[in-house]
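Participant: Before I ask anything, here is the structure I am working with.
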Amino acid sequence: MRLFMKTNSILTLVTILLTSFALPAHAFFGWYESLSPKAERAQKLLDGFDAKVEQAMKDYDVPGLSIGIVVDGHVIALKGYGIRDLERNLPVTPDTLFGIGSCTKAFSTFAIGTLVEEGLLEWDRPVCDILPEFRLSNQYATQNVTLRDLVTHRSGMARHAYVWYNSKCSRQELLKHLRYLEPGCDIRERFIYGDMMYMVAGMAVERIAQKSWEEVVTEKILKPLKMKKTNFSTEDSKCDEDHAIPYIERNGKLRQMSFRDFSLIGGGGAMNSTASDLTHWIEMLLAQGVYSDHPLISPAALQEMFAGQVIVSGYAESKDLLLNAYGLGWGIHSYRGHYNVSHDGGVDGFTSVVGVLPYDGVGIVVLANKNLSTLPRLLAFEAMDRILELPPRDWLQDGIDNLQKGKQMALENRETESLHRKKGTTPTHPLEEYVGHYEHPGYGRVTVELKKGKLAATYNDIISLLDHWHYDVFAIVEDSEDLLLSREGTKFTFRNNLNGDIEELLIPFEPKTADIAFRKVPDDQFSNLSYFQQFLGTYSIYNVAFDIVLRDRALVSIIPGQPIYELLPISENEFNVKSMTSYTVRFVKGLDGLVDEVWLILPYGAYSAKKMK
C-alpha cells in the first residue's frame, strides 16, 4: 500500500508539473527523464527551436510536422506541430502516421543483414541464384547483379518509375517487365537511384525466408523495437484514427492529395510510420544494433550498412555537405565535418527524413504531410547545428531563396521551350487517327482517346489531357489527379510508318534512356481468333502456293523454303509482317463479303495473290 501511495504521489507530481508548464498532450520533451549530461546539454541547446519550426511551417506552407530527436540514447524531443487534417482541424501528434517513402529502404537492408548473419543470404550472391526468373535486358548483368548491387543502386537499371507508379500489377508481373527496360548504364558503372531493384531485393528475401517481405521486417525489426503503429499500406494507415492527410501546394494554395498505394514497390518505399516509432529505430541504430538489452544485429553488420559503397556523382552543392556516397539503404554525407547517415523519403503528399550521426550519438526524424517539401531536411540541419554547437547557418532562409530561384528557373525554361515551338503547324492526321492502343513490352499499354475535341492519354489509370504542340507532337496540359511529380509539359510524339499511318507513340518517361516507344496495336476486335478465321486458306502468286494458318493463337504465313512469318494486325483486314519493316499484308473481300485476294505491300512494290478454291 505504501509503495502504491508513493508511486501515486510521484504520478500526481508529474501531472502537476505537466499542467504547470501547459504542455500540449501531443508533446514530449523527456525533461523529466534522468538524462545524461550530453543529452541534457543538447536539450538546452534546442531552446527556441519550437518557435523556429512554427515560423518555418508558415514560410514553407507546411500543414503538419512530427519531429523526434535522440541524443546519447535519450529521446530529448518528440512533438507534433501543426495540423494533420485541415478539414477537421486535427493536430499532429508524435503518434501520427505519415508515409515515409524511401526511408523504407534502410529497413529492407537491415532485414537482409539479419538473414546474412544467419547464413541464409550473402550480399554478393547473384540475384539469379535466388530468383531464377530474374532477367534484365543485358545477359551479363542478369547473371552478375548481386543483392549488394540492387540496394546500392549500381545495377545499371534506370529508374523507370512510371512502370510501377499507380500500377495495379503484381510484384511477380513487374519482375517480368524488367527484361524489356533499357538500362541507364552498364552494371556497376555508376550510381543510378531507383526503387524497383529494392522490390527485387524484397522478393529475394521472401524466397529465402519463405515469408512475405512485410512479415520478415515485422519479425526482425518492428516487433523487437515495439514499433506498434508502423505499417506497409495506406489502407492500414487510413484505418488508424491518428493519421496525416497528404497535401500538395498548387497555385499558392494547399489542397488534399489522394493516398497513393506504394505497396507494389515494397522495400523501396511502402512503409508508413510515426515519429514516436522511428525514435525506437534511431535508438537501436545508435546503440549499435541493441534495443532494450536485446541485440537485433551485430555492430559489424550495421557498420557495413553505414559504410559508403558507391560514390554519388555530382559536384558538392555546398561546402557544408561534402562527400556524397550511398551505403546499404542509406545516404552517406560529411555534414560540416560530421559523419551523417540519413535518407529522405517522398511519396504523394508526404516528405520525411530519418538520419543518425553515429560518431556523435545523435539521431533525428522529421515527418511532414506536404508533397516534396524541403523543410524536413532543412529542419534536420537546423537541429544538428544546435546540438553539435556548430557556427549558425540560416538553412531555412537559404531554402526560401532556393525555392524562389527554382520557380524563376522553371519560368525561364518554359519561355525558352516555347521559342522552339513551331508556330502555325497542324497535326498531319485528323485527331481520330491518333486514337487507339499503344503498347511497350515493359511499360504496358497507353490508351489514347478523343475527349471534348482533345486527345487524352491513359496510362496506369492516370488520364493526361493533351494539347497540340507542333506537327505530331502533343503536350500534357493537365493530369486527372495530382501526382508526386507533375507531368505537365511532357511531350508525346506520334510517329508514322512509310505508308503514312501512325505506328508509334514516343514518351520521355525515363530521362536516362531514349524515349519509350509504344507501338500502336489494333483494337481488340481485330486480334481474336474468330476474326482471324476469315483469312485462313491457300493463296497463289506467280504459281507459288502459300498458306495462311493459325499457329499458337497467331496468324502466320507459311511460304515454301522461307521462314514462318507472323502477321500482326494493325487495322481492319490489314497486317504488318513481324520483324520486317514496311512489309504489309492487306486482305481484300469480294462482293460476297468473303476474302478472295491478298495484297503483299513491300518497300519495292505491291503484289496480288489470289485465294485458291
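Starting from 1 in every chain, residues are counted up; chains themselves are A, B, ... following the order of the C-alpha cells, and ligands are numbered from 1 as listed.
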Kindly assemble as a tab-separated table a list of the range 334-388 of chain A residues that lie within 12 Å of range 103-106 of chain A, each paired with its nearest atom pair and their distance in Å to one decimal, using only C-alpha atoms, sorted first by chain and then by ascending residue number.
Facilitator:
```
residue	atom	partner	partner_atom	distance
A:Val341	CA	A:Ala106	CA	10.6
A:Ser342	CA	A:Cys103	CA	8.4
A:His343	CA	A:Cys103	CA	5.6
A:Asp344	CA	A:Cys103	CA	6.0
A:Gly345	CA	A:Cys103	CA	5.2
A:Gly346	CA	A:Cys103	CA	8.6
A:Val347	CA	A:Cys103	CA	10.5
A:Phe350	CA	A:Cys103	CA	11.7
A:Thr351	CA	A:Cys103	CA	9.9
A:Ser352	CA	A:Cys103	CA	7.5
A:Val353	CA	A:Cys103	CA	7.1
A:Val354	CA	A:Cys103	CA	6.7
A:Gly355	CA	A:Cys103	CA	9.2
A:Val365	CA	A:Cys103	CA	10.2
A:Val366	CA	A:Cys103	CA	11.2
A:Leu367	CA	A:Cys103	CA	10.8
```
Participant: Within 7 Å of range 316-329 of chain A, counting only C-alpha atoms, which residues show up once you throw out same-chain ones fewer than 2 positions away? Write them as a PDB file with C-alpha atoms, in the first residue's frame, please.
Facilitator:
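Final file, out31.pdb:
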```
ATOM      1  CA  LYS A 105      14.976   1.226 -47.859  1.00  0.00           C
ATOM      2  CA  ALA A 106      17.024   1.077 -44.656  1.00  0.00           C
ATOM      3  CA  THR A 109      18.717  -3.678 -45.944  1.00  0.00           C
ATOM      4  CA  VAL A 151      20.455  -1.976 -52.764  1.00  0.00           C
ATOM      5  CA  THR A 152      23.317   0.384 -53.657  1.00  0.00           C
ATOM      6  CA  MET A 305      25.386  -0.652 -43.874  1.00  0.00           C
ATOM      7  CA  PHE A 306      26.702   2.725 -42.754  1.00  0.00           C
ATOM      8  CA  ALA A 307      29.802   2.496 -44.956  1.00  0.00           C
ATOM      9  CA  GLY A 308      29.880   4.133 -48.375  1.00  0.00           C
ATOM     10  CA  GLN A 309      29.562   1.520 -51.120  1.00  0.00           C
ATOM     11  CA  VAL A 310      29.278   3.731 -54.204  1.00  0.00           C
ATOM     12  CA  ILE A 311      30.043   7.376 -54.934  1.00  0.00           C
ATOM     13  CA  VAL A 312      27.097   9.510 -55.997  1.00  0.00           C
ATOM     14  CA  GLY A 314      27.990  15.318 -58.993  1.00  0.00           C
ATOM     15  CA  GLY A 331      22.895   8.075 -47.959  1.00  0.00           C
ATOM     16  CA  ILE A 332      26.354   8.866 -46.567  1.00  0.00           C
ATOM     17  CA  HIS A 333      27.431  12.500 -46.221  1.00  0.00           C
ATOM     18  CA  SER A 334      30.011  14.612 -44.490  1.00  0.00           C
ATOM     19  CA  TYR A 335      27.931  17.232 -42.752  1.00  0.00           C
ATOM     20  CA  ARG A 336      30.180  20.106 -41.674  1.00  0.00           C
TER      21      ARG A 336
END
```
Participant: With distances taken over only C-alpha atoms, which of A:Leu181, A:Ile100, A:Ala301, A:Ala42 is nearest to Glu117 in chain A?
Facilitator: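 Nearest to Glu117 in chain A: A:Ala301.
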Participant: When distances are computed from only C-alpha atoms, which of A:Arg386, A:Lys611, A:Lys38, A:His468 shows the smallest separation from Leu455 in chain A?
Facilitator: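 Of the candidates, the smallest distance to Leu455 in chain A is held by A:His468.
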Participant: With 10 Å as the cut-off and only C-alpha atoms counted, what is the closest atom pair between each nearby residue of range 471-587 of chain A and range 605-610 of chain A? Distances in Å to one decimal, ordered by chain and number, as a tab-separated table.
Facilitator:
```
residue	atom	partner	partner_atom	distance
A:Thr538	CA	A:Lys610	CA	8.6
A:Tyr539	CA	A:Lys610	CA	5.4
A:Ser540	CA	A:Ala609	CA	5.2
A:Ile541	CA	A:Ala609	CA	4.7
A:Tyr542	CA	A:Ala609	CA	8.1
A:Asn543	CA	A:Ala609	CA	9.5
A:Val544	CA	A:Ala609	CA	9.3
A:Ala545	CA	A:Ala609	CA	9.0
A:Phe546	CA	A:Ala609	CA	9.4
A:Tyr583	CA	A:Ala606	CA	9.8
A:Thr584	CA	A:Ala606	CA	9.3
A:Val585	CA	A:Ala606	CA	9.6
A:Arg586	CA	A:Ser608	CA	9.5
A:Phe587	CA	A:Ala609	CA	9.5
```
